[in-house]
Each structure stands twice: as C-alpha cells, then as structure tokens.
file protein_16.txt (compact mmCIF, C-alpha atoms and all ligand atoms)
# COMPACT_ATOMS: atom_id res chain seq x y z
CA MET F 1 95.92 75.43 111.88
CA LEU F 2 93.41 72.58 111.81
CA PHE F 3 93.48 70.04 108.97
CA LEU F 4 90.59 67.84 107.85
CA LEU F 5 90.00 65.43 104.99
CA LEU F 6 87.02 66.29 102.84
CA PRO F 7 85.90 63.42 100.55
CA LYS F 8 85.39 64.69 97.00
CA ASP F 9 81.86 63.30 96.88
CA GLU F 10 80.98 65.67 99.77
CA LEU F 11 81.85 68.77 97.77
CA SER F 12 78.33 69.14 96.38
CA THR F 13 76.97 69.01 99.96
CA LEU F 14 79.40 71.77 100.94
CA PHE F 15 78.22 73.78 97.92
CA GLU F 16 74.57 73.31 98.94
CA LEU F 17 75.36 74.32 102.53
CA VAL F 18 77.00 77.60 101.58
CA SER F 19 74.42 78.34 98.85
CA TYR F 20 72.20 80.06 101.39
CA ASN F 21 74.48 82.97 100.50
CA ALA F 22 75.43 84.22 97.08
CA VAL F 23 78.16 81.97 95.65
CA ILE F 24 80.83 83.09 93.20
CA GLY F 25 83.11 80.51 91.65
CA PRO F 26 85.23 79.70 88.62
CA THR F 27 83.30 78.57 85.59
CA GLN F 28 83.63 78.36 81.82
CA ARG F 29 82.94 81.76 80.26
CA ALA F 30 83.80 81.23 76.61
CA ILE F 31 86.02 79.40 74.13
CA SER F 32 88.81 81.47 72.58
CA PRO F 33 89.36 81.51 68.78
CA SER F 34 92.31 79.17 69.34
CA GLY F 35 90.02 76.69 71.09
CA THR F 36 91.14 77.15 74.69
CA THR F 37 88.60 77.58 77.47
CA ILE F 38 88.31 81.03 79.01
CA TYR F 39 87.41 80.85 82.69
CA GLY F 40 85.89 83.57 84.83
CA TYR F 41 84.46 84.06 88.30
CA GLU F 42 80.66 84.18 88.07
CA PHE F 43 77.69 83.93 90.42
CA LEU F 44 76.83 80.23 90.50
CA TYR F 45 73.42 78.67 91.17
CA ASP F 46 74.24 75.08 90.29
CA PHE F 47 77.10 72.92 91.57
CA ALA F 48 77.51 71.50 88.05
CA ASP F 49 78.74 74.92 86.83
CA LEU F 50 81.62 75.04 89.32
CA VAL F 51 84.93 74.19 87.59
CA LEU F 52 87.52 73.65 90.32
CA ASP F 53 90.24 72.35 88.01
CA HIS F 54 90.14 75.63 86.06
CA THR F 55 93.27 77.29 84.80
CA MET F 56 93.70 80.98 85.54
CA THR F 57 90.61 83.11 85.10
CA ALA F 58 90.97 85.89 82.49
CA HIS F 59 89.97 88.46 85.09
CA SER F 60 90.82 88.13 88.74
CA ALA F 61 88.71 88.05 91.90
CA LYS F 62 89.20 91.83 92.03
CA GLU F 63 86.07 92.10 89.84
CA HIS F 64 83.96 91.27 92.89
CA PHE F 65 85.80 93.35 95.50
CA LEU F 66 86.59 96.38 93.32
CA PRO F 67 84.04 96.45 90.49
CA HIS F 68 85.10 98.36 87.39
CA ILE F 69 82.36 100.97 87.93
CA GLN F 70 80.60 101.55 91.24
CA THR F 71 78.03 104.10 92.33
CA VAL F 72 79.39 105.20 95.70
CA ALA F 73 76.81 107.90 96.52
CA ARG F 74 73.44 109.17 95.30
CA TYR F 75 72.25 112.75 95.74
CA THR F 76 68.72 114.15 95.74
CA LEU F 77 67.88 117.83 95.79
CA ASN F 78 65.62 118.49 98.76
CA GLY F 79 64.69 122.18 98.84
CA PRO F 80 67.93 124.14 98.84
CA THR F 81 70.14 121.22 99.98
CA TRP F 82 71.47 118.04 98.42
CA GLU F 83 70.79 114.88 100.46
CA LYS F 84 73.50 112.26 100.12
CA LYS F 85 72.88 108.52 100.42
CA SER F 86 75.58 105.85 100.43
CA ASP F 87 74.54 102.21 100.67
CA HIS F 88 77.93 100.57 100.93
CA HIS F 89 76.98 98.90 104.23
CA ASN F 90 74.61 96.58 102.40
CA ALA F 91 76.93 94.14 100.62
CA ALA F 92 75.28 90.71 100.74
CA PRO F 93 77.23 87.87 102.39
CA THR F 94 79.04 86.05 99.61
CA VAL F 95 80.99 82.82 99.34
CA PHE F 96 83.96 82.66 96.96
CA PHE F 97 84.24 78.97 96.10
CA GLY F 98 87.61 78.08 94.52
CA MET F 99 90.10 80.93 94.58
CA HIS F 100 93.76 80.28 93.77
CA ALA F 101 96.57 81.28 96.17
CA CYS F 102 97.79 84.12 93.93
CA ASP F 103 94.36 85.77 93.94
CA ILE F 104 94.07 85.46 97.74
CA ASN F 105 97.57 86.96 98.05
CA ALA F 106 96.42 89.79 95.78
CA LEU F 107 93.51 90.51 98.13
CA ASN F 108 95.91 90.51 101.08
CA LYS F 109 97.98 93.14 99.26
CA LEU F 110 94.88 95.23 98.47
CA ASP F 111 93.96 94.97 102.17
CA ARG F 112 97.18 96.82 103.05
CA VAL F 113 95.99 99.86 101.11
CA LEU F 114 92.21 99.67 101.20
CA LEU F 115 91.37 98.03 104.52
CA ASP F 116 94.20 98.02 107.12
CA THR F 117 94.71 101.72 106.87
CA ALA F 118 93.69 104.95 108.59
CA TYR F 119 91.03 105.63 105.92
CA PRO F 120 89.64 102.27 104.73
CA ASP F 121 87.70 102.13 101.49
CA PRO F 122 84.12 101.49 102.73
CA GLU F 123 82.90 99.56 99.68
CA TYR F 124 85.97 97.32 99.58
CA THR F 125 85.93 96.78 103.34
CA VAL F 126 82.32 95.68 103.51
CA ARG F 127 82.75 93.28 100.58
CA ARG F 128 85.94 91.80 102.04
CA ARG F 129 84.42 91.42 105.51
CA ASN F 130 81.28 89.78 104.11
CA THR F 131 83.03 87.25 101.89
CA PHE F 132 83.83 83.70 102.93
CA ILE F 133 86.73 82.38 100.85
CA ILE F 134 87.35 78.75 99.92
CA GLY F 135 90.79 78.55 98.33
CA ILE F 136 92.05 75.76 96.10
CA ASP F 137 95.49 74.80 94.77
CA CYS F 138 96.17 75.60 91.13
CA VAL F 139 98.05 73.77 88.42
CA PRO F 140 100.96 76.11 87.51
CA GLN F 141 100.66 77.68 84.05
CA PRO F 142 103.49 78.57 81.64
CA HIS F 143 102.95 82.34 81.95
CA CYS F 144 102.77 82.60 85.76
CA PHE F 145 105.79 83.38 87.95
CA CYS F 146 104.08 83.60 91.34
CA ARG F 147 106.69 81.34 92.94
CA SER F 148 109.39 83.98 92.31
CA LEU F 149 107.28 86.45 94.30
CA GLY F 150 106.37 84.07 97.13
CA CYS F 151 102.72 83.99 96.08
CA ASP F 152 102.37 80.33 95.04
CA THR F 153 101.11 79.56 98.54
CA VAL F 154 99.10 81.67 100.94
CA GLN F 155 99.08 81.87 104.74
CA HIS F 156 96.06 84.02 105.57
CA GLY F 157 93.13 85.93 104.08
CA TYR F 158 90.89 82.87 103.48
CA ASP F 159 88.55 80.62 105.48
CA MET F 160 89.49 77.20 104.16
CA PHE F 161 91.90 75.93 101.53
CA LEU F 162 91.64 72.71 99.54
CA THR F 163 94.43 70.59 98.07
CA ASP F 164 93.54 67.69 95.80
CA ILE F 165 95.13 64.49 97.13
CA GLY F 166 93.17 61.91 95.12
CA ASP F 167 89.81 60.79 96.56
CA ASP F 168 89.86 63.58 99.15
CA TYR F 169 90.69 67.21 99.52
CA PHE F 170 93.24 67.99 102.21
CA CYS F 171 91.47 70.92 103.83
CA GLU F 172 93.16 73.66 105.86
CA VAL F 173 90.59 75.16 108.21
CA ASN F 174 91.53 78.76 108.81
CA SER F 175 88.54 80.33 110.56
CA SER F 176 85.89 79.42 113.11
CA LYS F 177 83.26 80.06 110.41
CA ALA F 178 84.90 77.44 108.22
CA TYR F 179 84.96 74.99 111.12
CA GLU F 180 81.23 75.53 111.70
CA VAL F 181 80.42 75.08 108.00
CA LEU F 182 82.43 71.86 107.82
CA ARG F 183 80.41 70.39 110.70
CA GLY F 184 77.61 70.04 108.13
CA VAL F 185 79.61 67.73 105.84
CA ARG F 186 81.34 64.41 106.29
CA THR F 187 85.01 64.95 107.15
CA ARG F 188 87.65 63.01 109.03
CA GLU F 189 91.01 63.71 110.57
CA PRO F 190 93.97 63.07 108.28
CA ASP F 191 96.19 60.09 109.11
CA ASN F 192 99.90 59.78 108.34
CA HIS F 193 99.17 58.47 104.85
CA ALA F 194 97.01 61.52 104.03
CA ASN F 195 99.66 63.85 105.45
CA ALA F 196 102.24 62.21 103.18
CA GLN F 197 99.91 62.53 100.17
CA PHE F 198 99.51 66.24 100.94
CA MET F 199 103.27 66.78 101.21
CA ASN F 200 103.79 64.88 97.97
CA ALA F 201 101.10 66.89 96.11
CA SER F 202 102.74 70.13 97.32
CA ALA F 203 106.19 68.97 96.19
CA VAL F 204 104.93 67.90 92.73
CA ARG F 205 103.23 71.26 92.29
CA ARG F 206 106.32 73.19 93.42
CA LYS F 207 108.40 71.42 90.79
CA SER F 208 105.99 72.19 87.97
CA PHE F 209 106.52 75.97 87.97
CA GLU F 210 108.30 76.76 84.69
CA ASN F 211 108.78 80.51 84.82
CA GLU F 212 111.15 82.38 87.10
CA VAL F 213 111.90 86.05 87.62
CA ASP F 214 115.07 87.12 89.38
CA THR F 215 113.97 89.78 91.86
CA THR F 216 117.27 89.98 93.76
CA ASP F 217 118.07 93.62 94.57
CA LEU F 218 115.30 94.71 92.21
CA ILE F 219 114.45 97.80 94.23
CA ARG F 220 118.07 99.03 93.94
CA ILE F 221 118.32 98.12 90.27
CA LEU F 222 115.19 100.14 89.57
CA ASP F 223 116.67 103.10 91.41
CA LEU F 224 119.87 102.85 89.38
CA GLU F 225 118.13 102.29 86.04
CA PHE F 226 115.52 105.04 86.14
CA GLU F 227 116.92 106.42 82.88
CA ALA F 228 117.46 103.00 81.23
CA LYS F 229 116.98 102.93 77.44
CA ALA F 230 114.89 99.78 77.83
CA TRP F 231 112.01 101.87 79.25
CA ILE F 232 111.89 103.86 75.99
CA GLU F 233 111.88 100.67 73.92
CA TRP F 234 109.02 99.16 75.95
CA GLY F 235 107.18 102.49 75.74
CA LYS F 236 107.38 102.39 71.92
CA ARG F 237 105.56 99.06 71.97
CA CYS F 238 102.95 100.00 74.60
CA LEU F 239 99.52 100.88 73.17
CA SER F 240 98.50 102.73 76.36
CA CYS F 241 95.32 100.67 76.38
CA GLY F 242 95.17 99.94 80.12
CA THR F 243 94.33 96.25 79.64
CA CYS F 244 97.17 95.21 81.96
CA ALA F 245 95.69 97.15 84.89
CA ASN F 246 92.20 95.97 84.04
CA VAL F 247 93.10 92.29 84.41
CA CYS F 248 95.63 92.81 87.22
CA PRO F 249 94.41 91.54 90.61
CA THR F 250 96.37 94.23 92.49
CA CYS F 251 95.87 97.43 90.44
CA TYR F 252 93.47 99.67 92.34
CA CYS F 253 93.85 103.21 90.89
CA TYR F 254 90.55 104.86 90.12
CA GLY F 255 88.92 108.11 89.07
CA ALA F 256 85.72 109.66 90.45
CA GLU F 257 83.03 111.31 88.35
CA HIS F 258 79.62 112.90 88.96
CA GLU F 259 76.54 112.31 86.81
CA ILE F 260 73.79 114.90 87.15
CA ASP F 261 70.31 114.10 85.79
CA LEU F 262 68.74 116.45 83.26
CA ASP F 263 66.13 117.69 85.75
CA LEU F 264 69.04 118.85 87.98
CA LYS F 265 67.33 117.22 90.97
CA SER F 266 69.35 114.04 91.36
CA ALA F 267 72.94 112.97 90.82
CA ARG F 268 75.33 110.13 91.39
CA LYS F 269 79.01 109.87 92.25
CA LYS F 270 80.74 107.04 90.44
CA LYS F 271 84.09 105.44 90.95
CA ARG F 272 85.76 103.97 87.87
CA LEU F 273 88.92 101.87 87.94
CA TYR F 274 91.61 103.45 85.83
CA SER F 275 95.08 102.59 84.56
CA CYS F 276 98.28 104.58 84.94
CA ASN F 277 99.14 103.55 81.36
CA ILE F 278 96.26 105.51 79.84
CA VAL F 279 97.32 108.78 78.22
CA ASP F 280 95.35 111.16 80.46
CA PHE F 281 96.09 109.40 83.75
CA ALA F 282 98.30 112.24 85.00
CA GLU F 283 96.44 115.08 83.26
CA VAL F 284 95.31 117.83 85.63
CA SER F 285 92.84 120.64 85.23
CA GLY F 286 94.04 123.19 82.71
CA GLY F 287 95.14 120.31 80.47
CA PHE F 288 98.71 119.86 81.73
CA ASN F 289 99.84 116.24 81.58
CA PHE F 290 102.60 115.19 83.97
CA ARG F 291 103.22 111.95 82.05
CA PRO F 292 102.48 112.52 78.36
CA GLU F 293 104.94 109.85 77.14
CA SER F 294 103.93 106.18 77.11
CA HIS F 295 107.33 104.93 78.31
CA VAL F 296 107.13 107.16 81.38
CA ARG F 297 103.65 105.90 82.24
CA LEU F 298 104.71 102.28 81.74
CA LYS F 299 107.83 102.86 83.85
CA TYR F 300 105.85 104.34 86.72
CA ARG F 301 103.53 101.32 86.77
CA TYR F 302 106.58 99.14 87.37
CA TYR F 303 108.01 101.57 89.92
CA HIS F 304 104.78 101.55 91.90
CA LYS F 305 104.58 97.77 91.94
CA HIS F 306 108.22 96.79 92.38
CA ARG F 307 109.75 99.80 94.11
CA GLY F 308 107.35 102.20 95.89
CA PHE F 309 105.07 99.50 97.29
CA VAL F 310 108.08 97.44 98.43
CA GLU F 311 109.45 100.46 100.26
CA ALA F 312 106.08 101.10 101.95
CA TYR F 313 104.99 97.53 102.73
CA GLU F 314 108.07 95.32 102.24
CA GLU F 315 106.43 93.34 99.46
CA PRO F 316 105.79 94.00 95.74
CA LEU F 317 102.34 94.92 94.46
CA CYS F 318 102.46 91.98 92.07
CA VAL F 319 101.63 88.33 92.68
CA GLY F 320 103.19 87.02 89.48
CA CYS F 321 99.93 85.73 88.01
CA GLY F 322 101.04 86.71 84.50
CA ARG F 323 97.56 87.94 83.51
CA CYS F 324 98.92 91.29 82.27
CA GLY F 325 101.42 89.69 79.91
CA ARG F 326 98.86 87.19 78.66
CA ALA F 327 96.33 89.93 77.89
CA CYS F 328 98.74 92.54 76.46
CA LEU F 329 98.29 92.92 72.69
CA ALA F 330 101.81 94.34 72.46
CA GLY F 331 103.30 91.26 74.12
CA ILE F 332 104.76 93.14 77.09
CA THR F 333 105.34 90.79 80.02
CA VAL F 334 106.64 91.48 83.53
CA PRO F 335 109.42 88.84 83.37
CA GLU F 336 110.77 90.30 80.10
CA VAL F 337 110.61 93.91 81.29
CA ILE F 338 112.41 93.11 84.55
CA ALA F 339 115.02 91.00 82.74
CA SER F 340 115.73 93.83 80.27
CA ILE F 341 116.28 96.36 83.07
CA ARG F 342 118.47 93.88 84.94
CA GLU F 343 120.51 93.28 81.75
CA GLU F 344 121.01 97.00 81.21
CA ALA F 345 122.15 97.37 84.82
CA ALA F 346 124.68 94.56 84.24
CA VAL F 347 126.02 96.26 81.07
CA ASP F 348 126.20 99.67 82.82
CA GLY F 349 128.10 98.04 85.67
S1 LIG O 1 101.58 97.23 78.66
FE1 LIG O 1 100.26 96.19 77.15
S2 LIG O 1 98.26 95.97 78.16
FE2 LIG O 1 99.45 97.51 79.33
S3 LIG O 1 98.84 99.48 78.47
FE3 LIG O 1 100.68 98.83 77.34
S4 LIG O 1 99.90 97.71 75.53
FE4 LIG O 1 98.18 97.90 76.98
S1 LIG O 2 101.37 93.06 87.37
FE1 LIG O 2 100.81 91.39 85.98
S2 LIG O 2 101.75 89.57 86.90
FE2 LIG O 2 101.73 91.15 88.50
S3 LIG O 2 99.82 90.80 89.64
FE3 LIG O 2 99.36 92.31 88.04
S4 LIG O 2 98.60 91.08 86.31
FE4 LIG O 2 99.62 89.66 87.72
call {"tool": "encode", "arguments": {"input": "protein_16.txt", "output": "structure tokens"}}
result
Amino acid sequence: MLFLLLPKDELSTLFELVSYNAVIGPTQRAISPSGTTIYGYEFLYDFADLVLDHTMTAHSAKEHFLPHIQTVARYTLNGPTWEKKSDHHNAAPTVFFGMHACDINALNKLDRVLLDTAYPDPEYTVRRRNTFIIGIDCVPQPHCFCRSLGCDTVQHGYDMFLTDIGDDYFCEVNSSKAYEVLRGVRTREPDNHANAQFMNASAVRRKSFENEVDTTDLIRILDLEFEAKAWIEWGKRCLSCGTCANVCPTCYCYGAEHEIDLDLKSARKKKRLYSCNIVDFAEVSGGFNFRPESHVRLKYRYYHKHRGFVEAYEEPLCVGCGRCGRACLAGITVPEVIASIREEAAVDG
C-alpha cells in the first residue's frame, strides 16, 4: 500500500480532475422534522455541494449499483419473433467521492454474490467495474455497530481512502488508477509526524464507537434458537413494510416483471428490489405462501444475514451500519433482536 498526504486545499482540484466522469457524492438532501440533516448520495456538479463530513446517508451506495427498479431488457416484435436488446454494457464511468468504510464493505459482500460468482449479475458487474471509489473515514454514530462486525475499516474494494489528520488527508492509494489521478494534484510523502497523526486519528475514532453487538457463537445460537419465542414477539411488532431491506446496503433480493405495451409490439423486463419481510415474498403461483407469518419472514431475514451467508462465505451479510434500525417505524434494531435471542439461549441453557 502506498500512502500520500493530500493537502485539504487540493481537494477541489481532485474533484475537478475526476469530474470528467459522472461524480456521485454525499450531500444534503433534506432537513428532518426534528431538525437534523438528511444526507444522501447524489450526482454532483459542483464541489461546493460535496459534504465530506456527512453522517450516515439515509440510503446506502447500493442505490447506484443496484437501483430499486431497472429495465434489464427491451423486446420488439419483428415479424413473428421478439428481438431482445440489453444495454447493460453501457454504464458510464462514475466516480464515487466520499464513501464510508461500511458502505465499501457492503459492496465487497455484494461482490461475493453478484460479481465473483459463476453467473455474475451483468448490470451490477458493469457498474462496479466502471466506478472509481474514493473512501473517507466516518465519525461513528450512536446507532452503528460496524466495529462488532469488523466493518469499521476496509482493506479492499476502493481506489483511494482519505483520513482527516488536520490540514491534510492521509491518503491510502489502492489502485494504479488512483496513483495516476493523484499525479494531477499536489501531494507529498508522509513523514513520521504525519504517520503518528494518522495512527492517533485512527485510535480516537476506534474509541468513539458506542454500540456493540456480541456475535460470539451467533451461528450456533441461531441454530439452537430457531423456535425462540422472541421471534414471535418481534414478528408482532413488524409492519412487514420492507423499509429495512430498502435502506440496507447488503440486501439484494429482487423480483422480475414484464411490461407489455398496449399495441403488443414492444415490451420490457424489469427488475425490482424486494424485501423478504413483505407479505407475498414467498408466495408462489397458485397463491400458496410459504411464509405467511410476519415473525417467520423477519426470522429468515436474520438467518440469511447471520447464519446462511456466514456458512457460505464466512462473514455475515451485515456491516452494522444501523440504517435498518434507524428507519424502522416499529423500532426493531439488529442489536436488540440479536441480544434477545442470545438472552433466550442463556435462559434455555
Ligand atoms: S423490521 Fe421494521 S422496517 Fe423491517 S419490515 Fe418490519 S417494520 Fe418494516
Ligand atoms: S441489516 Fe441493518 S445494520 Fe446490517 S447492513 Fe443491513 S441496514 Fe445495516
């Protein structure tokens, strides 16, 4: 890994340099009724709109890589046959300017399923391959527990990563593309003082995480507590709205649907992100529903993230961002659900 110091007053030059491509970055989206700023990732055309000291965005970077609704194919009737056209090879090169470690870790997890696999998702793959990522350290928030899941830092899946050390950013250069881009701005090699500042900033940040989730033996506890009463209690509270999956950076389940135009000569295939908490998620043709009860659907969401995915990939499908708990109108949070199952296991024991 190569490290460079990037003076803060050079950041606008870096922004201008990469602006030959589309740039997405964190910016202010709205003010909530309680007066707090709601941040989101948006296409940016002006450096002044980039807010690098943002707290967590309401939605994650998934919005760009897995849009909520995508047209994946278009069909035109040509004589007796339908001609199919897919334009997923045309994703424009994009720069993501200012992504937190948890969101990069979430992309790395999605890569396991959608990219590094025998049948990669073409739309996801082309977006991921064509995106240059500039990461930046976050300020830990009260609802996040990423440290418990090892997602407070990130080792790969980005091009450069910035840590604020005062007048400069301590910049980890993680790709040859990043190295080439940085040749266009004023940088210098870090000296011992800068290295110490970086280590100190990392230590201060580590200490400021407030929330912890005990994940010891979680996979076994989930196996033992499949019939735990706590699932039923959480299910009674769940509104089956799907908001948790919508804001989650790692939920990727989707449904496919066809739209046929009234002239019956053209059609489209659309992919729509879905949530396993929604009542008809497991409904099959004929109307049979494999998971009609809300507590069963909620339970399976946790089993996918903290049991099945761990068994398949040796890591949970959760980065501990806390977005789901923050957005849930029923106040259901991952730390509380896991703690309740752990408690029941302790009582049963
Ligand atoms: S857990 Fe919360 S956000 Fe998720 S479906 Fe249930 S009520 Fe909605
Ligand atoms: S399950 Fe909740 S805490 Fe975990 S990654 Fe998804 S939104 Fe974040």
call {"tool": "closest_atom_pairs", "arguments": {"input": "protein_16.txt", "of": "chain F", "to": "ligand LIG 1 (chain O)", "cutoff": "8 Å", "atoms": "only C-alpha atoms and all ligand atoms", "output": "CSV"}}
result
residue,atom,partner,partner_atom,distance
F:Gly235,CA,O:LIG1,FE3,7.6
F:Arg237,CA,O:LIG1,S4,6.8
F:Cys238,CA,O:LIG1,FE3,3.7
F:Leu239,CA,O:LIG1,S4,4.0
F:Ser240,CA,O:LIG1,S3,3.9
F:Cys241,CA,O:LIG1,FE4,4.0
F:Gly242,CA,O:LIG1,S3,4.1
F:Thr243,CA,O:LIG1,S2,4.2
F:Cys244,CA,O:LIG1,S2,4.0
F:Ala245,CA,O:LIG1,FE2,6.7
F:Ser275,CA,O:LIG1,S3,7.8
F:Asn277,CA,O:LIG1,S3,5.0
F:Ile278,CA,O:LIG1,S3,6.7
F:Leu298,CA,O:LIG1,S1,6.7
F:Cys324,CA,O:LIG1,S2,6.3
F:Gly325,CA,O:LIG1,FE1,7.2
F:Ala327,CA,O:LIG1,S2,6.3
F:Cys328,CA,O:LIG1,S2,3.9
F:Leu329,CA,O:LIG1,S4,5.8
F:Ala330,CA,O:LIG1,S4,4.9
F:Gly331,CA,O:LIG1,FE1,6.5
F:Ile332,CA,O:LIG1,S1,5.4
F:Thr333,CA,O:LIG1,S1,7.6
call {"tool": "atom_distance", "arguments": {"input": "protein_16.txt", "atom1": "CA of Ile69 in chain F", "atom2": "CA of Thr250 in chain F"}}
result
16.2 Å
call {"tool": "atom_distance", "arguments": {"input": "protein_16.txt", "atom1": "CA of Leu115 in chain F", "atom2": "CA of Phe65 in chain F"}}
result
11.6 Å
call {"tool": "atom_distance", "arguments": {"input": "protein_16.txt", "atom1": "CA of Asp49 in chain F", "atom2": "CA of Gln70 in chain F"}}
result
27.1 Å
call {"tool": "residues_near_point", "arguments": {"input": "protein_16.txt", "point": "(92.0, 95.5, 102.8)", "cutoff": "10 Å", "atoms": "all atoms listed in the file", "output": "list in words"}}
result
Phe65, Leu107, Asn108, Lys109, Leu110, Asp111, Arg112, Val113, Leu114, Leu115, Asp116, Thr117, Pro120, Asp121, Pro122, Tyr124, Thr125, Val126, Arg127, Arg128, Arg129 and Gly157 of chain F
call {"tool": "residues_around", "arguments": {"input": "protein_16.txt", "residues": "Val23 in chain F", "least_positions_apart": "3", "cutoff": "12 Å", "atoms": "all atoms listed in the file", "output": "PyMOL selection string"}}
result
chain F and resi 14-20+26-27+41-47+49-50+64+92-98+130-134
call {"tool": "residues_around", "arguments": {"input": "protein_16.txt", "residues": "range 252-258 of chain F", "least_positions_apart": "3", "cutoff": "8 Å", "atoms": "all atoms listed in the file", "output": "number ranges by chain"}}
result
F: 66, 110, 267-276
call {"tool": "residues_near_ligand", "arguments": {"input": "protein_16.txt", "ligand": "ligand LIG 2 (chain O)", "cutoff": "9 Å", "atoms": "all atoms listed in the file", "output": "PyMOL selection string"}}
result
chain F and resi 60+102-103+106+143-146+244-251+301-302+305+316-327+333-335
call {"tool": "axis_aligned_box", "arguments": {"input": "protein_16.txt", "around": "range 264-269 of chain F", "padding_each_side": "5 Å", "output": "lines of an AutoDock Vina configuration file"}}
result
center_x = 73.2
center_y = 114.4
center_z = 90.1
size_x = 21.7
size_y = 19.0
size_z = 14.3
call {"tool": "closest_residue", "arguments": {"input": "protein_16.txt", "among": "F:Val72, F:Val279, F:Met160, F:Val154", "to": "Leu182 in chain F", "atoms": "only C-alpha atoms"}}
result
F:Met160
call {"tool": "closest_residue", "arguments": {"input": "protein_16.txt", "among": "F:Val139, F:Leu11, F:Met1, F:Leu264", "to": "Gly184 in chain F", "atoms": "all atoms listed in the file"}}
result
F:Leu11
call {"tool": "closest_residue", "arguments": {"input": "protein_16.txt", "among": "F:Met99, F:Val337, F:Ile232, F:Leu262", "to": "Glu293 in chain F", "atoms": "only C-alpha atoms"}}
result
F:Ile232
